[in-house]
>>> print(open('query-v1.cif').read())   # mmCIF, C-alpha atoms and all ligand atoms
data_query
loop_
_atom_site.label_atom_id
_atom_site.label_comp_id
_atom_site.auth_asym_id
_atom_site.auth_seq_id
_atom_site.Cartn_x
_atom_site.Cartn_y
_atom_site.Cartn_z
CA MET A 1 -121.45 -148.19 26.09
CA LYS A 2 -120.08 -147.60 29.56
CA LYS A 3 -123.09 -149.02 31.28
CA PHE A 4 -122.80 -152.32 29.45
CA SER A 5 -119.08 -152.75 29.94
CA GLN A 6 -119.34 -151.73 33.58
CA ARG A 7 -122.13 -154.19 34.11
CA PHE A 8 -120.14 -156.93 32.45
CA ARG A 9 -117.09 -156.18 34.54
CA PHE A 10 -119.16 -156.06 37.68
CA GLY A 11 -120.88 -159.29 36.90
CA LEU A 12 -117.63 -161.06 36.25
CA ALA A 13 -116.04 -159.65 39.35
CA THR A 14 -119.00 -160.71 41.40
CA VAL A 15 -118.61 -164.26 40.21
CA LEU A 16 -114.91 -164.25 40.91
CA LEU A 17 -114.80 -162.38 44.14
CA ALA A 18 -118.24 -163.03 45.58
CA SER A 19 -119.24 -160.31 47.98
CA SER A 20 -115.91 -158.57 48.32
CA LEU A 21 -116.76 -156.07 45.59
CA ALA A 22 -119.93 -154.81 47.13
CA GLY A 23 -118.64 -151.24 47.01
CA CYS A 24 -117.60 -151.30 43.36
CA GLY A 25 -118.85 -148.19 41.61
CA ILE A 26 -121.35 -148.57 38.86
CA VAL A 27 -121.49 -145.55 36.58
CA SER A 28 -124.93 -144.32 35.79
CA ASP A 29 -125.74 -143.27 32.28
CA GLY A 30 -125.67 -139.65 33.41
CA GLY A 31 -128.75 -138.85 31.39
CA ALA A 32 -130.07 -136.41 33.96
CA GLY A 33 -126.88 -134.39 34.28
CA ALA A 34 -125.96 -131.24 32.41
CA GLY A 35 -124.44 -131.96 29.03
CA ALA A 36 -120.69 -131.94 29.01
CA GLY A 37 -120.64 -129.89 25.86
CA SER A 38 -122.34 -127.00 27.61
CA GLY A 39 -120.93 -127.41 31.07
CA SER A 40 -118.64 -124.42 31.42
CA GLY A 41 -120.73 -121.61 30.06
CA ASN A 42 -118.30 -121.22 27.19
CA ALA A 43 -120.26 -123.16 24.67
CA PRO A 44 -118.71 -122.07 21.35
CA ASN A 45 -115.22 -122.86 22.56
CA ASN A 46 -116.09 -125.89 24.56
CA SER A 47 -118.17 -127.78 22.10
CA GLY A 48 -116.49 -130.70 20.50
CA GLY A 49 -119.30 -131.42 18.14
CA ALA A 50 -120.62 -134.01 20.56
CA ALA A 51 -124.18 -134.34 21.60
CA ASN A 52 -125.03 -133.07 25.04
CA GLY A 53 -126.26 -135.41 27.71
CA GLY A 54 -124.54 -138.29 29.36
CA ALA A 55 -122.92 -141.25 27.77
CA GLY A 56 -125.73 -143.36 26.59
CA ASP A 57 -126.33 -147.04 27.13
CA ASP A 58 -126.84 -147.58 23.42
CA GLY A 59 -123.49 -149.29 23.01
CA LYS A 60 -121.85 -146.18 21.54
CA ILE A 61 -118.34 -145.38 22.62
CA VAL A 62 -118.07 -142.04 24.39
CA ILE A 63 -114.70 -140.41 24.96
CA GLY A 64 -114.31 -137.58 27.45
CA MET A 65 -111.76 -134.90 26.61
CA SER A 66 -110.68 -132.70 29.49
CA MET A 67 -108.65 -129.80 28.10
CA ASP A 68 -106.51 -127.18 29.79
CA THR A 69 -107.51 -124.48 27.35
CA LEU A 70 -108.88 -123.76 23.92
CA LYS A 71 -107.46 -120.27 23.87
CA GLU A 72 -104.44 -121.20 21.79
CA GLU A 73 -104.71 -122.02 18.14
CA ARG A 74 -103.18 -125.49 18.33
CA TRP A 75 -105.63 -126.87 20.90
CA GLN A 76 -108.61 -126.06 18.71
CA LYS A 77 -107.01 -128.15 15.99
CA ASP A 78 -106.33 -130.96 18.47
CA ARG A 79 -109.96 -130.94 19.55
CA ASP A 80 -111.38 -130.84 16.03
CA ILE A 81 -109.18 -133.55 14.52
CA PHE A 82 -109.52 -135.80 17.57
CA THR A 83 -113.30 -135.46 17.56
CA GLU A 84 -113.59 -136.08 13.85
CA LYS A 85 -111.47 -139.24 14.05
CA VAL A 86 -113.39 -140.66 17.01
CA GLN A 87 -116.63 -140.03 15.12
CA GLU A 88 -115.19 -141.75 12.07
CA LEU A 89 -114.44 -144.73 14.31
CA GLY A 90 -118.04 -144.78 15.44
CA GLY A 91 -117.74 -142.99 18.78
CA GLU A 92 -118.49 -139.54 20.11
CA VAL A 93 -116.50 -137.03 22.15
CA LYS A 94 -117.50 -134.78 25.01
CA VAL A 95 -115.10 -131.86 25.37
CA LEU A 96 -114.66 -129.55 28.33
CA ALA A 97 -111.96 -126.88 28.58
CA ALA A 98 -110.85 -125.39 31.88
CA ASN A 99 -109.25 -122.17 30.65
CA GLY A 100 -106.14 -122.73 32.70
CA ASP A 101 -107.85 -123.31 36.04
CA ASP A 102 -106.89 -126.39 38.06
CA ALA A 103 -110.09 -126.59 40.12
CA THR A 104 -112.21 -126.22 36.99
CA GLN A 105 -110.30 -128.96 35.21
CA LEU A 106 -110.78 -131.29 38.17
CA SER A 107 -114.52 -130.67 38.40
CA GLN A 108 -115.00 -130.92 34.64
CA ALA A 109 -113.17 -134.25 34.63
CA GLU A 110 -115.40 -135.43 37.46
CA GLN A 111 -118.41 -134.35 35.42
CA LEU A 112 -117.22 -136.42 32.46
CA ILE A 113 -116.51 -139.40 34.72
CA SER A 114 -119.93 -139.21 36.30
CA GLN A 115 -121.51 -139.10 32.86
CA GLY A 116 -119.97 -142.48 32.26
CA VAL A 117 -117.49 -141.82 29.47
CA ASP A 118 -115.63 -144.94 28.39
CA VAL A 119 -112.18 -143.35 28.31
CA LEU A 120 -110.89 -140.02 29.56
CA VAL A 121 -108.34 -138.08 27.55
CA VAL A 122 -106.67 -135.35 29.59
CA ILE A 123 -104.64 -132.38 28.43
CA ALA A 124 -103.39 -131.28 31.81
CA HIS A 125 -103.09 -127.66 32.80
CA ASN A 126 -101.10 -128.76 35.81
CA ALA A 127 -99.03 -131.95 35.72
CA GLU A 128 -99.38 -132.53 39.46
CA ALA A 129 -102.87 -131.22 40.19
CA THR A 130 -104.46 -133.51 37.60
CA ALA A 131 -103.24 -136.69 39.34
CA PRO A 132 -106.48 -137.14 41.36
CA ILE A 133 -108.43 -137.26 38.09
CA VAL A 134 -106.66 -140.51 37.21
CA GLU A 135 -107.53 -142.06 40.53
CA LYS A 136 -111.17 -141.00 40.28
CA ALA A 137 -111.46 -142.33 36.72
CA HIS A 138 -109.90 -145.65 37.68
CA LYS A 139 -112.39 -146.08 40.52
CA GLU A 140 -115.05 -146.15 37.81
CA GLY A 141 -113.08 -148.43 35.52
CA ILE A 142 -112.28 -145.61 33.10
CA LYS A 143 -108.85 -145.60 31.44
CA VAL A 144 -106.95 -142.33 31.22
CA ILE A 145 -104.81 -141.16 28.32
CA ALA A 146 -102.49 -138.21 28.97
CA TYR A 147 -102.61 -136.23 25.74
CA ASP A 148 -99.49 -134.25 24.82
CA ARG A 149 -98.82 -133.38 28.47
CA MET A 150 -97.88 -135.92 31.10
CA ILE A 151 -99.82 -136.22 34.34
CA ASN A 152 -97.22 -136.78 37.04
CA ASN A 153 -97.33 -139.15 40.00
CA ALA A 154 -100.39 -141.03 38.82
CA GLU A 155 -101.13 -144.39 37.25
CA VAL A 156 -101.77 -142.98 33.80
CA ASP A 157 -102.72 -145.74 31.34
CA TYR A 158 -101.19 -144.23 28.21
CA TYR A 159 -99.28 -141.12 27.20
CA ILE A 160 -99.08 -139.71 23.71
CA SER A 161 -96.92 -136.75 22.86
CA PHE A 162 -93.99 -135.58 20.80
CA ASP A 163 -90.36 -135.96 21.76
CA ASN A 164 -90.40 -132.83 23.86
CA VAL A 165 -86.74 -132.83 24.86
CA ARG A 166 -85.96 -132.92 21.14
CA VAL A 167 -88.22 -129.87 20.63
CA GLY A 168 -86.05 -127.87 23.02
CA GLU A 169 -82.87 -129.11 21.36
CA LEU A 170 -84.13 -128.10 17.92
CA GLN A 171 -85.00 -124.62 19.18
CA ALA A 172 -81.63 -124.01 20.83
CA GLN A 173 -79.70 -125.50 17.90
CA ALA A 174 -81.39 -123.13 15.46
CA VAL A 175 -80.88 -120.05 17.63
CA THR A 176 -77.22 -120.78 18.35
CA ALA A 177 -76.55 -121.57 14.69
CA ALA A 178 -77.80 -118.04 13.92
CA ALA A 179 -76.20 -116.40 16.99
CA GLN A 180 -73.01 -118.35 17.55
CA LYS A 181 -71.60 -116.00 20.15
CA GLY A 182 -73.06 -113.72 22.77
CA ASN A 183 -75.87 -113.41 25.25
CA ILE A 184 -78.77 -115.85 25.01
CA VAL A 185 -82.13 -115.44 26.73
CA TYR A 186 -84.37 -118.40 27.59
CA ILE A 187 -88.09 -117.61 27.69
CA GLY A 188 -89.76 -120.72 29.05
CA GLY A 189 -93.37 -121.89 29.15
CA ALA A 190 -95.66 -122.62 32.08
CA ASP A 191 -93.92 -123.93 35.16
CA THR A 192 -97.00 -126.12 35.84
CA ASP A 193 -96.69 -127.91 32.47
CA ASN A 194 -94.39 -130.92 32.45
CA ASN A 195 -93.60 -130.20 28.80
CA ALA A 196 -92.17 -126.79 29.66
CA HIS A 197 -89.56 -128.56 31.78
CA MET A 198 -88.73 -130.99 28.98
CA PHE A 199 -88.41 -128.19 26.41
CA LYS A 200 -86.05 -126.43 28.77
CA GLU A 201 -84.06 -129.60 29.41
CA GLY A 202 -83.61 -130.01 25.66
CA ALA A 203 -82.60 -126.38 25.16
CA MET A 204 -80.09 -126.59 27.99
CA ASN A 205 -78.62 -129.80 26.48
CA VAL A 206 -77.49 -127.55 23.65
CA LEU A 207 -76.88 -124.24 25.44
CA LYS A 208 -74.87 -125.41 28.47
CA PRO A 209 -71.99 -127.02 26.54
CA LEU A 210 -71.74 -123.88 24.40
CA GLU A 211 -71.65 -121.79 27.55
CA GLU A 212 -68.95 -124.02 29.02
CA LYS A 213 -66.93 -123.52 25.84
CA GLY A 214 -67.26 -119.77 26.36
CA ASP A 215 -69.16 -119.16 23.12
CA ILE A 216 -72.41 -118.01 24.67
CA LYS A 217 -73.78 -116.86 28.00
CA ILE A 218 -77.28 -117.68 29.24
CA VAL A 219 -78.14 -114.27 30.67
CA TYR A 220 -81.80 -114.83 31.50
CA ASP A 221 -83.91 -117.92 32.13
CA GLN A 222 -87.50 -117.71 33.35
CA PHE A 223 -90.79 -119.54 32.89
CA SER A 224 -93.83 -117.61 31.59
CA LYS A 225 -96.97 -118.19 33.64
CA ASP A 226 -99.60 -120.21 31.76
CA TRP A 227 -97.66 -119.78 28.51
CA LYS A 228 -99.09 -116.27 28.21
CA PRO A 229 -97.60 -113.90 25.63
CA GLU A 230 -97.94 -111.00 28.09
CA GLU A 231 -95.84 -112.94 30.64
CA ALA A 232 -93.23 -113.62 27.97
CA LEU A 233 -93.31 -109.94 27.02
CA LYS A 234 -92.56 -108.98 30.64
CA ASN A 235 -89.78 -111.57 30.81
CA MET A 236 -88.22 -110.28 27.62
CA GLU A 237 -88.44 -106.66 28.77
CA ASN A 238 -86.71 -107.65 32.01
CA ALA A 239 -84.04 -109.55 30.09
CA LEU A 240 -83.37 -106.56 27.82
CA THR A 241 -83.27 -104.09 30.70
CA ALA A 242 -80.96 -106.28 32.79
CA ASN A 243 -78.57 -106.65 29.85
CA LYS A 244 -78.88 -103.15 28.42
CA ASN A 245 -80.27 -104.66 25.23
CA ASP A 246 -77.07 -106.66 24.74
CA VAL A 247 -78.88 -109.83 23.66
CA GLN A 248 -77.94 -111.90 20.61
CA GLY A 249 -80.46 -114.73 20.67
CA VAL A 250 -83.76 -115.77 22.27
CA VAL A 251 -84.87 -119.35 22.78
CA ALA A 252 -88.62 -119.00 23.30
CA ALA A 253 -90.43 -122.21 24.20
CA ASN A 254 -93.42 -121.80 21.89
CA ASP A 255 -94.99 -119.41 19.42
CA ALA A 256 -97.11 -117.65 22.04
CA THR A 257 -94.05 -116.81 24.13
CA ALA A 258 -92.10 -115.98 20.95
CA GLY A 259 -94.86 -113.47 20.13
CA GLY A 260 -94.41 -111.76 23.50
CA ALA A 261 -90.62 -111.75 23.17
CA ILE A 262 -90.78 -110.30 19.66
CA GLN A 263 -93.11 -107.56 20.86
CA ALA A 264 -90.48 -106.52 23.41
CA LEU A 265 -87.75 -106.68 20.76
CA THR A 266 -89.89 -104.59 18.38
CA ALA A 267 -90.22 -101.86 21.02
CA GLN A 268 -86.41 -101.64 21.08
CA GLY A 269 -86.02 -101.71 17.30
CA MET A 270 -84.43 -105.16 17.57
CA ALA A 271 -87.04 -107.39 15.93
CA GLY A 272 -85.59 -109.31 12.99
CA LYS A 273 -82.04 -108.64 14.21
CA VAL A 274 -82.16 -111.12 17.08
CA PRO A 275 -83.07 -114.74 16.23
CA VAL A 276 -86.08 -116.05 18.15
CA SER A 277 -87.32 -119.65 18.23
CA GLY A 278 -90.87 -120.93 18.74
CA GLN A 279 -93.06 -124.00 18.54
CA ASP A 280 -96.46 -125.04 17.13
CA ALA A 281 -96.33 -123.40 13.69
CA ASP A 282 -99.17 -121.09 14.74
CA LEU A 283 -100.32 -118.93 11.85
CA ALA A 284 -99.04 -115.72 13.48
CA ALA A 285 -95.65 -117.37 13.95
CA VAL A 286 -95.25 -118.68 10.42
CA GLN A 287 -96.24 -115.20 9.21
CA ARG A 288 -93.49 -113.72 11.40
CA ILE A 289 -91.05 -116.24 9.92
CA ALA A 290 -92.10 -115.20 6.41
CA GLU A 291 -91.64 -111.55 7.41
CA GLY A 292 -88.32 -112.21 9.13
CA THR A 293 -89.03 -111.34 12.77
CA GLN A 294 -89.03 -114.96 14.01
CA LEU A 295 -86.23 -117.35 13.10
CA MET A 296 -88.01 -120.69 13.35
CA THR A 297 -90.79 -122.72 14.86
CA VAL A 298 -91.11 -126.40 15.68
CA TYR A 299 -93.93 -127.95 13.73
CA LYS A 300 -95.72 -130.80 15.45
CA PRO A 301 -98.26 -132.30 13.05
CA ILE A 302 -101.43 -132.12 15.11
CA LYS A 303 -103.11 -134.47 12.69
CA SER A 304 -100.69 -137.24 13.69
CA ILE A 305 -101.12 -136.89 17.45
CA ALA A 306 -104.87 -136.30 17.36
CA THR A 307 -105.52 -139.18 14.97
CA LYS A 308 -103.34 -141.62 16.86
CA ALA A 309 -104.83 -140.54 20.20
CA ALA A 310 -108.33 -141.06 18.84
CA GLU A 311 -107.41 -144.57 17.71
CA MET A 312 -105.88 -145.29 21.11
CA ALA A 313 -108.93 -143.96 22.95
CA VAL A 314 -111.37 -146.03 20.90
CA SER A 315 -109.22 -149.17 21.28
CA ALA A 316 -108.98 -148.59 25.03
CA ALA A 317 -112.75 -148.17 25.18
CA LYS A 318 -113.15 -151.52 23.47
CA GLY A 319 -110.74 -153.07 25.95
CA GLU A 320 -108.23 -153.80 23.22
CA ASN A 321 -104.54 -153.88 23.80
CA ILE A 322 -102.68 -150.81 22.57
CA GLY A 323 -99.22 -151.36 21.17
CA THR A 324 -96.67 -148.86 22.44
CA ASP A 325 -92.93 -149.11 21.99
CA LYS A 326 -91.79 -146.68 24.67
CA THR A 327 -92.39 -145.84 28.29
CA VAL A 328 -92.01 -142.52 30.08
CA ASN A 329 -91.64 -142.38 33.84
CA ASN A 330 -93.97 -139.90 35.50
CA GLY A 331 -92.61 -140.17 39.02
CA LYS A 332 -94.89 -143.08 39.86
CA ILE A 333 -94.85 -145.56 37.00
CA ASP A 334 -93.40 -146.15 33.54
CA VAL A 335 -96.30 -145.04 31.38
CA PRO A 336 -96.73 -146.87 28.04
CA SER A 337 -96.10 -144.11 25.54
CA VAL A 338 -96.23 -143.04 21.94
CA LEU A 339 -93.80 -140.24 21.09
CA LEU A 340 -93.92 -138.55 17.70
CA ASP A 341 -91.19 -136.62 15.93
CA PRO A 342 -91.16 -132.81 15.89
CA ILE A 343 -90.04 -130.97 12.74
CA PRO A 344 -88.05 -127.70 12.72
CA VAL A 345 -89.33 -125.11 10.24
CA ASP A 346 -87.60 -121.89 9.21
CA LYS A 347 -87.95 -119.45 6.32
CA SER A 348 -86.39 -121.94 3.91
CA SER A 349 -88.78 -124.74 4.86
CA LEU A 350 -92.10 -122.95 5.36
CA ASN A 351 -93.41 -125.10 2.56
CA THR A 352 -93.51 -128.02 5.01
CA VAL A 353 -96.56 -126.64 6.79
CA ILE A 354 -98.20 -125.60 3.53
CA GLU A 355 -97.72 -128.97 1.82
CA ASP A 356 -99.03 -130.69 4.91
CA GLY A 357 -102.25 -128.67 4.69
CA PHE A 358 -101.57 -127.06 8.07
CA HIS A 359 -101.72 -123.54 6.62
CA LYS A 360 -102.50 -122.01 3.25
CA LEU A 361 -99.78 -120.29 1.23
CA GLU A 362 -101.81 -117.07 0.96
CA ASP A 363 -102.20 -116.97 4.74
CA VAL A 364 -98.55 -117.66 5.50
CA TYR A 365 -97.33 -114.96 3.10
CA LYS A 366 -100.21 -112.54 3.73
CA ASN A 367 -97.94 -109.76 4.99
CA VAL A 368 -95.21 -110.28 2.40
CA PRO A 369 -95.31 -108.48 -1.00
CA LYS A 370 -96.63 -110.90 -3.60
CA ASP A 371 -93.53 -110.72 -5.78
CA GLN A 372 -91.61 -112.29 -2.88
CA TRP A 373 -93.90 -115.28 -2.49
CA PRO A 374 -92.36 -118.62 -3.38
CA GLN A 375 -92.96 -119.88 -6.92
CA GLN A 376 -95.69 -122.49 -7.07
C1 LIG A 401 -97.49 -127.95 24.21
C2 LIG A 401 -97.16 -126.87 23.24
C3 LIG A 401 -97.99 -125.63 23.52
C4 LIG A 401 -97.95 -125.25 24.99
C5 LIG A 401 -98.89 -124.12 25.32
C6 LIG A 401 -97.38 -127.44 25.61
O1 LIG A 401 -97.69 -128.41 26.54
O2 LIG A 401 -96.67 -129.08 24.01
O3 LIG A 401 -97.38 -127.32 21.92
O4 LIG A 401 -97.52 -124.55 22.78
O5 LIG A 401 -98.28 -126.36 25.77
O6 LIG A 401 -100.19 -124.45 25.10
#
>>> encode(input="query-v1.cif", output="structure tokens")
Amino acid sequence: MKKFSQRFRFGLATVLLASSLAGCGIVSDGGAGAGAGSGSGNAPNNSGGAANGGAGDDGKIVIGMSMDTLKEERWQKDRDIFTEKVQELGGEVKVLAANGDDATQLSQAEQLISQGVDVLVVIAHNAEATAPIVEKAHKEGIKVIAYDRMINNAEVDYYISFDNVRVGELQAQAVTAAAQKGNIVYIGGADTDNNAHMFKEGAMNVLKPLEEKGDIKIVYDQFSKDWKPEEALKNMENALTANKNDVQGVVAANDATAGGAIQALTAQGMAGKVPVSGQDADLAAVQRIAEGTQLMTVYKPIKSIATKAAEMAVSAAKGENIGTDKTVNNGKIDVPSVLLDPIPVDKSSLNTVIEDGFHKLEDVYKNVPKDQWPQQ
């Protein structure tokens, strides 16, 4: 479809601006290039169910999806639901995942742009380093949607995410309700991810006033590189060593970091005794909640964000106006935004993720004796 819309735009511009647009980029149909779905040599993970080859000129809408990673459970769900919805709306999706590498994400995005996608959806590994992608896309008349993670200092067209400050607040509220006094550790996410800063802001909104009151003390506060569990494990080991294991609560920014933190607590015989938060309702995390080693997670219905983002992407491809009721400033502009509500889930509300079809009861309670499973 790109070729047609580009041609139309170019034709119109030519009429309006005569020769001044001589340098305007026309996107080729990319038919000769390598297929986006097989571009990174990681085909099983990278495929989004889209056909290889460039965006065609058959009038079909093609959405490019440039992902930070597919190595975490949630992002595979994002990809699958997004792709399915775009297909349902008559389009196709080309997915490339950069496995946490900034240069790879940039070149993959360029690949998608040069293949003439109609809209580019970006899940940024690095909030700052992805800014040039927006500029490059715009040069070719391609709109950019920042998916779940903001791209900073760029003219992003739309942003869709959850209320990430609220996520951090929910985590810290739950941990400090369970550990009302004592030493609290903050295990953050990736410093490069704008969300990690918002989660921390939210957590500190709750923790700081409690510290000022003298109820708690924030004894450790570090980011975990690339959200890796092994980085969180190291952080938690350092926090325990520095405080001689005198730790009463852990606010971990997501389920991957919670997993690392709980591993360190387990090694000290402290798992299940110290409340730990998380986020994403990953299967491993909801199993830990059922078993009692993790206090809570923050469930963000991936179906909602992926479905809405797919609708936005297809509308943007058609040149339709997208209704948004919020804006989020990214350092450069106020980006029209859709922000969805996160849902806290603990042992008493595990049913939320089961009823929503996010996980199956038998998977959630797999490690719990059957006589302790909830009545159905
Ligand atoms: C997302 C989280 C996710 C984390 C690590 C964040 O940007 O909002 O849901 O756990 O990245 O992938």
>>> residues_near_ligand(input="query-v1.cif", ligand="ligand LIG 401 (chain A)", cutoff="9 Å", atoms="only C-alpha atoms and all ligand atoms", output="ChimeraX atom specification")
/A:68-75,123-125,148-150,161-162,164,189-190,193-196,199,226-228,253-257,278-280,282,298-300
>>> write_last_selection(input="query-v1.cif", atoms="C-alpha atoms", output="PDB file, in the coordinates of the input")
ATOM      1  CA  ASP A  68    -106.510-127.180  29.790  1.00  0.00           C
ATOM      2  CA  THR A  69    -107.510-124.480  27.350  1.00  0.00           C
ATOM      3  CA  LEU A  70    -108.880-123.760  23.920  1.00  0.00           C
ATOM      4  CA  LYS A  71    -107.460-120.270  23.870  1.00  0.00           C
ATOM      5  CA  GLU A  72    -104.440-121.200  21.790  1.00  0.00           C
ATOM      6  CA  GLU A  73    -104.710-122.020  18.140  1.00  0.00           C
ATOM      7  CA  ARG A  74    -103.180-125.490  18.330  1.00  0.00           C
ATOM      8  CA  TRP A  75    -105.630-126.870  20.900  1.00  0.00           C
ATOM      9  CA  ILE A 123    -104.640-132.380  28.430  1.00  0.00           C
ATOM     10  CA  ALA A 124    -103.390-131.280  31.810  1.00  0.00           C
ATOM     11  CA  HIS A 125    -103.090-127.660  32.800  1.00  0.00           C
ATOM     12  CA  ASP A 148     -99.490-134.250  24.820  1.00  0.00           C
ATOM     13  CA  ARG A 149     -98.820-133.380  28.470  1.00  0.00           C
ATOM     14  CA  MET A 150     -97.880-135.920  31.100  1.00  0.00           C
ATOM     15  CA  SER A 161     -96.920-136.750  22.860  1.00  0.00           C
ATOM     16  CA  PHE A 162     -93.990-135.580  20.800  1.00  0.00           C
ATOM     17  CA  ASN A 164     -90.400-132.830  23.860  1.00  0.00           C
ATOM     18  CA  GLY A 189     -93.370-121.890  29.150  1.00  0.00           C
ATOM     19  CA  ALA A 190     -95.660-122.620  32.080  1.00  0.00           C
ATOM     20  CA  ASP A 193     -96.690-127.910  32.470  1.00  0.00           C
ATOM     21  CA  ASN A 194     -94.390-130.920  32.450  1.00  0.00           C
ATOM     22  CA  ASN A 195     -93.600-130.200  28.800  1.00  0.00           C
ATOM     23  CA  ALA A 196     -92.170-126.790  29.660  1.00  0.00           C
ATOM     24  CA  PHE A 199     -88.410-128.190  26.410  1.00  0.00           C
ATOM     25  CA  ASP A 226     -99.600-120.210  31.760  1.00  0.00           C
ATOM     26  CA  TRP A 227     -97.660-119.780  28.510  1.00  0.00           C
ATOM     27  CA  LYS A 228     -99.090-116.270  28.210  1.00  0.00           C
ATOM     28  CA  ALA A 253     -90.430-122.210  24.200  1.00  0.00           C
ATOM     29  CA  ASN A 254     -93.420-121.800  21.890  1.00  0.00           C
ATOM     30  CA  ASP A 255     -94.990-119.410  19.420  1.00  0.00           C
ATOM     31  CA  ALA A 256     -97.110-117.650  22.040  1.00  0.00           C
ATOM     32  CA  THR A 257     -94.050-116.810  24.130  1.00  0.00           C
ATOM     33  CA  GLY A 278     -90.870-120.930  18.740  1.00  0.00           C
ATOM     34  CA  GLN A 279     -93.060-124.000  18.540  1.00  0.00           C
ATOM     35  CA  ASP A 280     -96.460-125.040  17.130  1.00  0.00           C
ATOM     36  CA  ASP A 282     -99.170-121.090  14.740  1.00  0.00           C
ATOM     37  CA  VAL A 298     -91.110-126.400  15.680  1.00  0.00           C
ATOM     38  CA  TYR A 299     -93.930-127.950  13.730  1.00  0.00           C
ATOM     39  CA  LYS A 300     -95.720-130.800  15.450  1.00  0.00           C
TER      40      LYS A 300
END
>>> closest_residue(input="query-v1.cif", among="A:Val314, A:Met236, A:Leu350, A:Val335", to="A:Ile61", atoms="all atoms listed in the file")
A:Val314
>>> atom_distance(input="query-v1.cif", atom1="atom CA of A:Gln268", atom2="atom CA of A:Ser349")
28.3 Å
>>> residues_near_point(input="query-v1.cif", point="(-98.5, -141.4, 25.4)", cutoff="6 Å", atoms="all atoms listed in the file", output="PyMOL selection string")
chain A and resi 158-161+337-338
>>> closest_residue(input="query-v1.cif", among="A:Asp221, A:Asp363, A:Glu110, A:Glu237", to="A:Val286", atoms="all atoms listed in the file")
A:Asp363
>>> residues_around(input="query-v1.cif", residues="A:Gly331", least_positions_apart="5", cutoff="10 Å", atoms="only C-alpha atoms", output="list in words")
Ile151, Asn152, Asn153, Ala154 and Glu155 of chain A
>>> write_last_selection(input="query-v1.cif", atoms="C-alpha atoms", output="CSV table (one decimal), keeping the file's coordinate frame")
chain,number,residue,atom,x,y,z
A,151,ILE,CA,-99.8,-136.2,34.3
A,152,ASN,CA,-97.2,-136.8,37.0
A,153,ASN,CA,-97.3,-139.2,40.0
A,154,ALA,CA,-100.4,-141.0,38.8
A,155,GLU,CA,-101.1,-144.4,37.2
>>> build_atoms(input="query-v1.cif", residues="stretch 181-193 of chain A", atoms="N, CA and C atoms", output="CSV table (one decimal), in the coordinates of the input")
chain,number,residue,atom,x,y,z
A,181,LYS,N,-72.3,-116.6,19.0
A,181,LYS,CA,-71.6,-116.0,20.2
A,181,LYS,C,-72.5,-115.0,20.8
A,182,GLY,N,-72.3,-114.8,22.1
A,182,GLY,CA,-73.1,-113.7,22.8
A,182,GLY,C,-74.1,-114.2,23.8
A,183,ASN,N,-74.9,-113.2,24.2
A,183,ASN,CA,-75.9,-113.4,25.2
A,183,ASN,C,-77.2,-114.0,24.8
A,184,ILE,N,-77.5,-115.1,25.4
A,184,ILE,CA,-78.8,-115.8,25.0
A,184,ILE,C,-79.8,-115.8,26.1
A,185,VAL,N,-81.0,-115.5,25.8
A,185,VAL,CA,-82.1,-115.4,26.7
A,185,VAL,C,-83.0,-116.7,26.6
A,186,TYR,N,-83.4,-117.3,27.7
A,186,TYR,CA,-84.4,-118.4,27.6
A,186,TYR,C,-85.7,-118.0,28.1
A,187,ILE,N,-86.7,-118.0,27.3
A,187,ILE,CA,-88.1,-117.6,27.7
A,187,ILE,C,-88.9,-118.9,27.7
A,188,GLY,N,-89.1,-119.4,28.9
A,188,GLY,CA,-89.8,-120.7,29.0
A,188,GLY,C,-91.3,-120.6,29.0
A,189,GLY,N,-91.9,-121.8,29.1
A,189,GLY,CA,-93.4,-121.9,29.2
A,189,GLY,C,-93.9,-121.9,30.6
A,190,ALA,N,-95.0,-122.6,30.8
A,190,ALA,CA,-95.7,-122.6,32.1
A,190,ALA,C,-95.0,-123.6,33.0
A,191,ASP,N,-94.6,-123.1,34.1
A,191,ASP,CA,-93.9,-123.9,35.2
A,191,ASP,C,-94.8,-125.2,35.5
A,192,THR,N,-96.1,-125.0,35.4
A,192,THR,CA,-97.0,-126.1,35.8
A,192,THR,C,-97.1,-127.2,34.8
A,193,ASP,N,-96.6,-127.0,33.6
A,193,ASP,CA,-96.7,-127.9,32.5
A,193,ASP,C,-95.4,-128.7,32.4
